[in-house]
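Next comes protein_5.pdb, a file with PDB, C-alpha atoms.
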```pdb
ATOM      1  CA  MET A  11     -25.340 -13.262  -4.161
ATOM      2  CA  PHE A  12     -26.330 -12.699  -7.799
ATOM      3  CA  TRP A  13     -27.722 -14.480 -10.828
ATOM      4  CA  VAL A  14     -25.788 -15.987 -13.742
ATOM      5  CA  TYR A  15     -27.737 -17.467 -16.671
ATOM      6  CA  GLY A  16     -30.753 -18.001 -14.403
ATOM      7  CA  PHE A  17     -28.781 -19.604 -11.538
ATOM      8  CA  GLU A  18     -28.457 -18.085  -8.092
ATOM      9  CA  VAL A  19     -24.764 -17.829  -7.280
ATOM     10  CA  VAL A  20     -22.990 -17.116  -3.995
ATOM     11  CA  PHE A  21     -19.231 -16.562  -4.114
ATOM     12  CA  SER A  22     -17.375 -17.748  -1.043
ATOM     13  CA  LEU A  23     -13.993 -17.980  -2.781
ATOM     14  CA  ARG A  24     -12.116 -15.851  -5.233
ATOM     15  CA  ILE A  25     -11.939 -16.733  -8.892
ATOM     16  CA  SER A  26      -8.498 -16.912 -10.465
ATOM     17  CA  ILE A  27      -7.074 -16.926 -13.947
ATOM     18  CA  ASP A  28      -7.036 -20.734 -13.747
ATOM     19  CA  ASP A  29     -10.835 -20.720 -13.756
ATOM     20  CA  ILE A  30     -10.719 -18.932 -17.111
ATOM     21  CA  VAL A  31      -7.933 -20.804 -18.890
ATOM     22  CA  ASN A  32      -8.604 -24.365 -17.717
ATOM     23  CA  ILE A  33     -11.335 -25.176 -20.220
ATOM     24  CA  ASP A  34     -11.958 -27.934 -22.761
ATOM     25  CA  TYR A  35      -9.951 -26.804 -25.786
ATOM     26  CA  GLY A  36     -11.029 -29.862 -27.746
ATOM     27  CA  PHE A  37     -14.571 -28.502 -27.540
ATOM     28  CA  VAL A  38     -13.311 -25.022 -28.474
ATOM     29  CA  GLU A  39     -11.578 -26.343 -31.585
ATOM     30  CA  SER A  40     -14.617 -28.374 -32.636
ATOM     31  CA  TYR A  41     -16.933 -25.389 -32.156
ATOM     32  CA  LEU A  42     -14.719 -22.900 -33.999
ATOM     33  CA  SER A  43     -13.855 -25.348 -36.784
ATOM     34  CA  ARG A  44     -17.535 -25.914 -37.511
ATOM     35  CA  PHE A  45     -18.008 -22.147 -37.527
ATOM     36  CA  LEU A  46     -15.172 -21.640 -40.014
ATOM     37  CA  ARG A  47     -16.271 -24.441 -42.335
ATOM     38  CA  SER A  48     -19.935 -23.441 -42.379
ATOM     39  CA  SER A  49     -19.135 -19.734 -42.817
ATOM     40  CA  LEU A  50     -16.766 -20.459 -45.681
ATOM     41  CA  ALA A  51     -19.326 -22.683 -47.415
ATOM     42  CA  ALA A  52     -22.065 -20.052 -46.996
ATOM     43  CA  SER A  53     -19.822 -17.324 -48.432
ATOM     44  CA  GLY A  54     -19.043 -19.186 -51.621
ATOM     45  CA  MET A  55     -15.358 -18.300 -51.198
ATOM     46  CA  LYS A  56     -12.537 -20.808 -51.617
ATOM     47  CA  GLY A  57     -10.436 -20.345 -48.487
ATOM     48  CA  PHE A  58      -8.874 -17.942 -46.002
ATOM     49  CA  VAL A  59      -6.038 -15.434 -46.150
ATOM     50  CA  VAL A  60      -4.473 -14.435 -42.832
ATOM     51  CA  GLY A  61      -1.769 -11.993 -41.830
ATOM     52  CA  VAL A  62       0.782 -13.925 -39.782
ATOM     53  CA  SER A  63       2.997 -11.670 -37.668
ATOM     54  CA  GLY A  64       4.972 -14.063 -35.496
ATOM     55  CA  GLY A  65       2.698 -13.312 -32.539
ATOM     56  CA  VAL A  66       0.340 -15.642 -30.721
ATOM     57  CA  ASP A  67      -3.049 -14.443 -32.020
ATOM     58  CA  SER A  68      -2.192 -14.704 -35.712
ATOM     59  CA  ALA A  69      -0.389 -18.014 -35.146
ATOM     60  CA  VAL A  70      -3.426 -19.517 -33.422
ATOM     61  CA  ALA A  71      -5.801 -18.170 -36.080
ATOM     62  CA  TYR A  72      -3.619 -19.659 -38.814
ATOM     63  CA  ALA A  73      -3.286 -23.045 -37.080
ATOM     64  CA  LEU A  74      -7.028 -23.207 -36.436
ATOM     65  CA  ALA A  75      -7.833 -22.427 -40.066
ATOM     66  CA  VAL A  76      -5.403 -25.040 -41.384
ATOM     67  CA  ARG A  77      -6.783 -27.709 -39.070
ATOM     68  CA  SER A  78     -10.356 -26.695 -39.955
ATOM     69  CA  VAL A  79     -10.319 -26.485 -43.758
ATOM     70  CA  GLY A  80      -6.933 -27.891 -44.796
ATOM     71  CA  VAL A  81      -3.583 -26.272 -45.480
ATOM     72  CA  ASP A  82      -4.272 -25.887 -49.215
ATOM     73  CA  ARG A  83      -7.160 -23.522 -48.510
ATOM     74  CA  VAL A  84      -5.245 -21.126 -46.244
ATOM     75  CA  PHE A  85      -2.714 -18.535 -47.426
ATOM     76  CA  ALA A  86      -0.467 -16.623 -45.017
ATOM     77  CA  VAL A  87       0.910 -13.153 -45.668
ATOM     78  CA  VAL A  88       3.824 -11.965 -43.510
ATOM     79  CA  MET A  89       4.050  -8.156 -43.630
ATOM     80  CA  PRO A  90       7.043  -6.816 -41.713
ATOM     81  CA  ASP A  91       8.226  -3.229 -41.695
ATOM     82  CA  LYS A  92      12.016  -3.260 -41.371
ATOM     83  CA  ASN A  93      11.846  -0.094 -39.256
ATOM     84  CA  VAL A  94       9.718  -1.657 -36.509
ATOM     85  CA  THR A  95       9.509  -5.443 -36.964
ATOM     86  CA  PRO A  96      12.175  -7.587 -35.252
ATOM     87  CA  ASP A  97      13.822 -10.180 -37.507
ATOM     88  CA  ASP A  98      12.809 -12.889 -35.032
ATOM     89  CA  ASP A  99       9.124 -12.154 -35.628
ATOM     90  CA  VAL A 100       9.536 -12.727 -39.351
ATOM     91  CA  LYS A 101      11.485 -15.938 -38.754
ATOM     92  CA  ASP A 102       8.859 -17.171 -36.293
ATOM     93  CA  ALA A 103       6.019 -16.412 -38.715
ATOM     94  CA  VAL A 104       7.702 -18.151 -41.645
ATOM     95  CA  SER A 105       8.740 -21.105 -39.497
ATOM     96  CA  LEU A 106       5.170 -21.544 -38.240
ATOM     97  CA  VAL A 107       3.674 -21.636 -41.740
ATOM     98  CA  GLU A 108       6.415 -23.897 -43.094
ATOM     99  CA  GLY A 109       5.871 -26.216 -40.132
ATOM    100  CA  PHE A 110       2.298 -26.726 -41.286
ATOM    101  CA  GLY A 111       3.437 -27.114 -44.893
ATOM    102  CA  GLY A 112       1.560 -23.970 -45.841
ATOM    103  CA  ARG A 113       1.794 -21.350 -48.575
ATOM    104  CA  TYR A 114       2.924 -17.818 -47.797
ATOM    105  CA  ASP A 115       4.367 -14.581 -49.120
ATOM    106  CA  VAL A 116       6.562 -12.087 -47.294
ATOM    107  CA  VAL A 117       5.640  -8.506 -48.213
ATOM    108  CA  GLU A 118       7.973  -5.897 -46.711
ATOM    109  CA  ILE A 119       5.925  -2.695 -46.241
ATOM    110  CA  SER A 120       8.415   0.004 -45.189
ATOM    111  CA  ASP A 121       8.571   1.524 -48.686
ATOM    112  CA  ILE A 122       4.771   1.651 -48.812
ATOM    113  CA  VAL A 123       4.638   3.410 -45.436
ATOM    114  CA  ASP A 124       7.312   5.887 -46.570
ATOM    115  CA  ALA A 125       5.386   6.602 -49.779
ATOM    116  CA  TYR A 126       2.256   7.485 -47.807
ATOM    117  CA  VAL A 127       4.173   9.722 -45.393
ATOM    118  CA  LYS A 128       5.904  11.536 -48.252
ATOM    119  CA  LYS A 129       2.649  12.033 -50.162
ATOM    120  CA  ILE A 130       0.437  13.266 -47.296
ATOM    121  CA  PRO A 131       1.149  16.970 -46.634
ATOM    122  CA  VAL A 132       0.579  16.789 -42.865
ATOM    123  CA  ALA A 133       2.343  13.441 -42.323
ATOM    124  CA  SER A 134       5.600  12.868 -40.497
ATOM    125  CA  HIS A 135       7.356   9.778 -39.169
ATOM    126  CA  GLY A 136       7.269  11.609 -35.859
ATOM    127  CA  ASP A 137       3.511  11.027 -35.740
ATOM    128  CA  VAL A 138       4.055   7.733 -33.953
ATOM    129  CA  LEU A 139       0.416   6.764 -33.376
ATOM    130  CA  ALA A 140      -0.876   7.937 -36.757
ATOM    131  CA  VAL A 141       1.920   6.212 -38.679
ATOM    132  CA  GLY A 142       1.515   3.099 -36.526
ATOM    133  CA  ASN A 143      -2.161   2.898 -37.417
ATOM    134  CA  LEU A 144      -1.238   3.555 -41.048
ATOM    135  CA  ARG A 145       0.928   0.415 -40.944
ATOM    136  CA  ALA A 146      -2.040  -1.607 -39.710
ATOM    137  CA  ARG A 147      -4.272  -0.225 -42.473
ATOM    138  CA  ILE A 148      -1.673  -0.886 -45.163
ATOM    139  CA  ARG A 149      -1.538  -4.493 -44.011
ATOM    140  CA  MET A 150      -5.327  -4.667 -44.217
ATOM    141  CA  CYS A 151      -5.260  -3.398 -47.814
ATOM    142  CA  ILE A 152      -2.685  -6.021 -48.769
ATOM    143  CA  LEU A 153      -4.725  -8.823 -47.193
ATOM    144  CA  TYR A 154      -7.825  -7.760 -49.096
ATOM    145  CA  TYR A 155      -5.843  -7.693 -52.326
ATOM    146  CA  TYR A 156      -4.931 -11.347 -51.750
ATOM    147  CA  ALA A 157      -8.536 -12.102 -50.791
ATOM    148  CA  ASN A 158      -9.816 -10.570 -54.045
ATOM    149  CA  LYS A 159      -7.128 -12.341 -56.058
ATOM    150  CA  PHE A 160      -7.864 -15.803 -54.673
ATOM    151  CA  ASN A 161     -11.587 -15.446 -53.838
ATOM    152  CA  TYR A 162     -10.757 -15.941 -50.174
ATOM    153  CA  LEU A 163     -12.099 -14.486 -46.932
ATOM    154  CA  VAL A 164      -9.827 -12.392 -44.727
ATOM    155  CA  LEU A 165      -9.416 -14.242 -41.448
ATOM    156  CA  GLY A 166      -9.241 -11.874 -38.476
ATOM    157  CA  THR A 167      -6.875 -12.506 -35.575
ATOM    158  CA  SER A 168      -8.374 -10.323 -32.810
ATOM    159  CA  ASP A 169      -9.044 -11.937 -29.447
ATOM    160  CA  ARG A 170     -11.849 -11.071 -27.036
ATOM    161  CA  SER A 171      -9.611  -9.158 -24.612
ATOM    162  CA  GLU A 172      -8.327  -6.728 -27.227
ATOM    163  CA  TYR A 173     -11.722  -6.419 -28.892
ATOM    164  CA  LEU A 174     -13.388  -5.372 -25.613
ATOM    165  CA  LEU A 175     -10.504  -3.031 -24.808
ATOM    166  CA  GLY A 176     -10.771  -1.444 -28.246
ATOM    167  CA  TYR A 177      -7.092  -2.309 -28.599
ATOM    168  CA  PHE A 178      -7.038  -2.568 -32.368
ATOM    169  CA  THR A 179      -6.841  -0.226 -35.351
ATOM    170  CA  LYS A 180     -10.155   0.678 -36.965
ATOM    171  CA  TYR A 181     -10.083  -0.616 -40.539
ATOM    172  CA  GLY A 182      -6.646  -2.063 -39.829
ATOM    173  CA  ASP A 183      -6.194  -5.245 -37.807
ATOM    174  CA  GLY A 184      -9.823  -4.708 -36.741
ATOM    175  CA  ALA A 185     -10.990  -5.263 -40.330
ATOM    176  CA  SER A 186     -11.742  -8.811 -41.450
ATOM    177  CA  ASP A 187     -14.475 -10.995 -42.897
ATOM    178  CA  ILE A 188     -14.500 -13.509 -40.080
ATOM    179  CA  ALA A 189     -13.005 -13.434 -36.564
ATOM    180  CA  PRO A 190     -13.096 -16.817 -34.819
ATOM    181  CA  LEU A 191     -10.876 -15.907 -31.852
ATOM    182  CA  ILE A 192     -13.243 -13.165 -30.706
ATOM    183  CA  VAL A 193     -14.754 -15.681 -28.243
ATOM    184  CA  LEU A 194     -11.437 -16.272 -26.430
ATOM    185  CA  PHE A 195      -9.599 -14.059 -23.971
ATOM    186  CA  LYS A 196      -5.877 -13.507 -24.567
ATOM    187  CA  THR A 197      -4.922 -15.933 -21.783
ATOM    188  CA  GLN A 198      -7.178 -18.574 -23.357
ATOM    189  CA  VAL A 199      -5.690 -17.982 -26.808
ATOM    190  CA  ARG A 200      -2.244 -18.850 -25.419
ATOM    191  CA  ARG A 201      -3.535 -22.132 -23.969
ATOM    192  CA  PHE A 202      -5.428 -22.841 -27.186
ATOM    193  CA  GLY A 203      -2.206 -22.282 -29.112
ATOM    194  CA  GLU A 204      -0.476 -24.951 -27.037
ATOM    195  CA  PHE A 205      -3.375 -27.313 -27.750
ATOM    196  CA  LEU A 206      -3.105 -26.658 -31.511
ATOM    197  CA  GLY A 207       0.634 -27.254 -31.583
ATOM    198  CA  VAL A 208       1.815 -23.659 -31.993
ATOM    199  CA  PRO A 209       5.522 -23.458 -30.985
ATOM    200  CA  GLN A 210       6.146 -22.487 -27.363
ATOM    201  CA  LYS A 211       8.345 -19.580 -28.450
ATOM    202  CA  ILE A 212       5.314 -17.947 -30.067
ATOM    203  CA  VAL A 213       2.844 -18.968 -27.356
ATOM    204  CA  LYS A 214       4.985 -17.372 -24.637
ATOM    205  CA  LYS A 215       6.036 -14.284 -26.616
ATOM    206  CA  PRO A 216       4.869 -10.948 -25.129
ATOM    207  CA  SER A 217       2.010  -9.521 -27.180
ATOM    208  CA  SER A 218       2.804  -6.635 -29.506
ATOM    209  CA  PRO A 219       1.019  -5.016 -32.466
ATOM    210  CA  ARG A 220       4.496  -3.914 -33.710
ATOM    211  CA  LEU A 221       3.191  -0.552 -34.871
ATOM    212  CA  TRP A 222       6.330   1.288 -33.715
ATOM    213  CA  PRO A 223       9.778   0.295 -32.387
ATOM    214  CA  ASP A 224       9.761  -1.682 -29.107
ATOM    215  CA  HIS A 225       5.967  -1.660 -29.056
ATOM    216  CA  LEU A 226       4.626  -4.001 -26.345
ATOM    217  CA  ALA A 227       0.921  -4.342 -25.596
ATOM    218  CA  GLU A 228       1.011  -4.616 -21.808
ATOM    219  CA  LYS A 229       3.482  -1.728 -21.589
ATOM    220  CA  GLU A 230       1.232   0.527 -23.661
ATOM    221  CA  LEU A 231      -1.932  -0.550 -21.845
ATOM    222  CA  GLY A 232      -0.374  -0.398 -18.392
ATOM    223  CA  LEU A 233      -2.286  -3.589 -17.614
ATOM    224  CA  ARG A 234      -1.607  -7.330 -17.419
ATOM    225  CA  TYR A 235      -3.752  -9.586 -19.588
ATOM    226  CA  GLU A 236      -4.389 -11.852 -16.585
ATOM    227  CA  ASP A 237      -6.047  -8.915 -14.812
ATOM    228  CA  ILE A 238      -7.856  -7.715 -17.943
ATOM    229  CA  ASP A 239      -9.344 -11.145 -18.542
ATOM    230  CA  LEU A 240     -10.433 -11.614 -14.928
ATOM    231  CA  VAL A 241     -12.176  -8.241 -14.918
ATOM    232  CA  PHE A 242     -13.996  -8.823 -18.203
ATOM    233  CA  PHE A 243     -14.995 -12.360 -17.174
ATOM    234  CA  ALA A 244     -16.367 -11.115 -13.839
ATOM    235  CA  PHE A 245     -18.185  -8.152 -15.405
ATOM    236  CA  PHE A 246     -19.594  -9.612 -18.620
ATOM    237  CA  ASP A 247     -19.865 -13.365 -17.990
ATOM    238  CA  LEU A 248     -20.643 -13.476 -14.271
ATOM    239  CA  GLY A 249     -22.522 -10.181 -14.254
ATOM    240  CA  LEU A 250     -20.838  -8.964 -11.100
ATOM    241  CA  PRO A 251     -21.425  -5.395  -9.942
ATOM    242  CA  VAL A 252     -18.271  -3.315 -10.424
ATOM    243  CA  ASN A 253     -17.768  -2.796  -6.685
ATOM    244  CA  GLU A 254     -17.702  -6.569  -6.078
ATOM    245  CA  ILE A 255     -15.119  -7.408  -8.744
ATOM    246  CA  PRO A 256     -12.004  -6.604  -6.645
ATOM    247  CA  SER A 257     -12.993  -8.862  -3.745
ATOM    248  CA  VAL A 258     -13.934 -11.767  -6.031
ATOM    249  CA  THR A 259     -10.978 -11.545  -8.435
ATOM    250  CA  GLY A 260      -8.211 -10.087  -6.305
ATOM    251  CA  VAL A 261      -7.696  -7.384  -8.926
ATOM    252  CA  SER A 262      -7.307  -3.918  -7.398
ATOM    253  CA  ASP A 263     -10.116  -1.401  -7.619
ATOM    254  CA  ASP A 264      -7.909   0.965  -9.646
ATOM    255  CA  VAL A 265      -7.172  -1.710 -12.247
ATOM    256  CA  VAL A 266     -10.835  -2.745 -12.468
ATOM    257  CA  LYS A 267     -11.829   0.853 -13.152
ATOM    258  CA  LYS A 268      -9.028   1.296 -15.694
ATOM    259  CA  VAL A 269     -10.066  -1.819 -17.640
ATOM    260  CA  LEU A 270     -13.755  -0.871 -17.711
ATOM    261  CA  HIS A 271     -12.896   2.731 -18.596
ATOM    262  CA  ARG A 272     -11.039   1.498 -21.674
ATOM    263  CA  TYR A 273     -14.079  -0.574 -22.588
ATOM    264  CA  SER A 274     -16.546   2.314 -22.217
ATOM    265  CA  THR A 275     -14.397   4.846 -24.085
ATOM    266  CA  THR A 276     -13.847   2.565 -27.093
ATOM    267  CA  ILE A 277     -17.449   1.605 -27.816
ATOM    268  CA  HIS A 278     -17.247   3.604 -31.052
ATOM    269  CA  LYS A 279     -14.619   1.158 -32.336
ATOM    270  CA  ARG A 280     -17.050  -1.749 -31.996
ATOM    271  CA  SER A 281     -20.266  -0.065 -33.139
ATOM    272  CA  GLY A 282     -19.527   0.303 -36.846
ATOM    273  CA  ILE A 283     -20.284   3.341 -38.998
ATOM    274  CA  LEU A 284     -22.671   5.857 -37.419
ATOM    275  CA  MET A 285     -25.591   6.480 -39.759
ATOM    276  CA  PRO A 286     -28.645   8.732 -39.442
ATOM    277  CA  ASP A 287     -32.111   7.256 -39.707
ATOM    278  CA  PRO A 288     -33.131   7.580 -43.391
ATOM    279  CA  LYS A 289     -36.845   7.730 -42.538
ATOM    280  CA  PRO A 290     -37.223  11.561 -42.356
ATOM    281  CA  VAL A 291     -35.577  12.000 -45.764
ATOM    282  CA  VAL A 292     -37.539   9.123 -47.306
ATOM    283  CA  GLU A 293     -40.814  10.559 -45.981
ATOM    284  CA  GLN A 294     -40.086  13.853 -47.714
ATOM    285  CA  ILE A 295     -39.477  12.090 -51.028
ATOM    286  CA  VAL A 296     -42.511   9.815 -50.716
ATOM    287  CA  SER A 297     -44.741  12.776 -49.809
ATOM    288  CA  SER A 298     -43.536  14.687 -52.870
ATOM    289  CA  VAL A 299     -44.162  11.688 -55.134
ATOM    290  CA  TYR A 300     -47.703  11.175 -53.783
ATOM    291  CA  GLN A 301     -48.503  14.847 -54.300
ATOM    292  CA  LYS A 302     -47.296  14.570 -57.875
ATOM    293  CA  ILE A 303     -49.508  11.509 -58.419
ATOM    294  CA  ARG A 304     -52.577  13.285 -56.981
ATOM    295  CA  ARG A 305     -52.014  16.228 -59.277
ATOM    296  CA  GLY A 306     -52.116  13.798 -62.181
TER
END
```

Could you spell out this file's structure in structure tokens?
Amino acid sequence: MFWVYGFEVVFSLRISIDDIVNIDYGFVESYLSRFLRSSLAASGMKGFVVGVSGGVDSAVAYALAVRSVGVDRVFAVVMPDKNVTPDDDVKDAVSLVEGFGGRYDVVEISDIVDAYVKKIPVASHGDVLAVGNLRARIRMCILYYYANKFNYLVLGTSDRSEYLLGYFTKYGDGASDIAPLIVLFKTQVRRFGEFLGVPQKIVKKPSSPRLWPDHLAEKELGLRYEDIDLVFFAFFDLGLPVNEIPSVTGVSDDVVKKVLHRYSTTIHKRSGILMPDPKPVVEQIVSSVYQKIRRG
């Protein structure tokens, strides 16, 4: 027995992934569309630019934006690296945007990545993680160039699962002006994509940041998104104690601990820039100024 939003709750049955994904996606679209339209109006910007990769998150973010503010106010940038990006991802991304009648550019980034690696004394293509994150940050820079050029906002594509896991690159795919999908778990994003008319090939495609060859999210994480989402839902939304999560969700104790460990060790990725309190320094300056005033 425990409390959720002021209600006493007793679980006699397990919760399943169906309890998470079977929601009213018409309500979700209405809620997020209002958020996008009002945020855009408040910003004074003219539209959204979004990096479309051929994966489900970026496809859903793009489709949502188009349906929210109109296709003429959304620009897609496809940014493959020929060394790591499968041709099918590029085709899927372009096909998605063309299916909505949208505008897009394809910017191949392998030469840009190579230029960085050649210029940085300590860099090597063997630094798989560092170069992978470099790719994400190069893509961020390109998106912000388009945003500056068009007076647009950069539309983020992160979902709630990956945000809570810290499974994103700081100042790479984690950098954006607005992130509407942050309220949806990965499993919900897939269902939402179906609702929005995203092609099944993209909706069902295994998730991958494509930061290095054959990069797959679940393989790197060692976790299934169905389990990740159940654990986060039970912990954050139902407020279950950690030791009760396995019996309620059917997710093993080891997996529960692994998911929550990733959350706790990536807090720094969600907390922004660490800054000292300016008050002690300000007090020194103010004290000096007052002394100067008293001395005339």

Would you mind listing, for every residue of segment 64-90 of chain A within 10 Å of segment 153-173 of chain A, the two atoms forming the shortest contact and the distance between them in Å to one decimal, using only C-alpha atoms, sorted by chain and ascending residue number, as a tab-separated table?
```
residue	atom	partner	partner_atom	distance
A:Val66	CA	A:Thr167	CA	9.2
A:Asp67	CA	A:Thr167	CA	5.6
A:Ser68	CA	A:Thr167	CA	5.2
A:Ala69	CA	A:Thr167	CA	8.5
A:Val70	CA	A:Thr167	CA	8.1
A:Ala71	CA	A:Thr167	CA	5.8
A:Tyr72	CA	A:Leu165	CA	8.4
A:Ala75	CA	A:Leu165	CA	8.5
A:Arg83	CA	A:Tyr162	CA	8.6
A:Val84	CA	A:Tyr162	CA	8.5
A:Phe85	CA	A:Tyr156	CA	8.7
A:Ala86	CA	A:Leu153	CA	9.1
A:Val87	CA	A:Leu153	CA	7.3
A:Val88	CA	A:Leu153	CA	9.8
A:Met89	CA	A:Leu153	CA	9.5
```

**Message:** Which residues are near segment 251-253 of chain A? Cut-off 8 Å, only C-alpha atoms, ignore same chain within fewer than 5 positions. Put them as a count of residues only.
**Reply:** 3

Around all listed atoms of segment 245-254 of chain A, padded 3 Å per side, what centre and edge lengths does the axis-aligned box have in Å to one decimal, as AutoDock Vina command-line options?
```
--center_x -20.1 --center_y -8.1 --center_z -12.3 --size_x 10.8 --size_y 16.7 --size_z 18.5
```

Evaluating the PyMOL selection byres ((chain A and resi 268) around 12) on the displayed file yields which residues, as a PyMOL selection string? chain A and resi 175+231-234+237-238+241-242+252+261-267+269-275

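Against the coordinates shown, the PyMOL selection byres ((chain A and resi 133-135) around 12) returns Asn93, Val94, Ser120, Val123, Asp124, Ala125, Tyr126, Val127, Lys128, Lys129, Ile130, Pro131, Val132, Gly136, Asp137, Val138, Leu139, Ala140, Val141, Gly142, Asn143, Leu144, Arg145, Leu221, Trp222 and Pro223 of chain A.
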
Across A:Met150, A:Lys56, A:Arg305, A:His225, the smallest distance to Pro96 of chain A, with only C-alpha atoms counted, is shown by A:His225

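The spacing separating atom CA of Phe45 of chain A from atom CA of Asn32 of chain A amounts to 22.0 Å.
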
For this session: Might you spell out which residues the PyMOL selection byres ((chain A and resi 212) around 12) would select in the displayed file, as a count of residues only?
Result: 34

Atom CA of Glu236 of chain A to atom CA of Tyr35 of chain A measures 18.4 Å

Among A:Gly176, A:Ser48, A:Gly57, A:Gly182, Ser281 of chain A is approached most closely, using all atoms listed in the file, by A:Gly176

Shortest contact to Val31 of chain A, candidates A:Phe195, A:Phe178, A:Tyr235, A:Phe205, atoms counted all atoms listed in the file, goes to A:Phe195

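With atom CA of Gly109 of chain A on one side and atom CA of Asp97 of chain A on the other, the separation reads 18.1 Å.
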
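Every protein, DNA or RNA residue with an atom at most 8 Å from Ile30 of chain A, where only C-alpha atoms count and chain neighbours fewer than 6 positions away do not, is listed here: Gln198, Leu240 and Phe243 of chain A.
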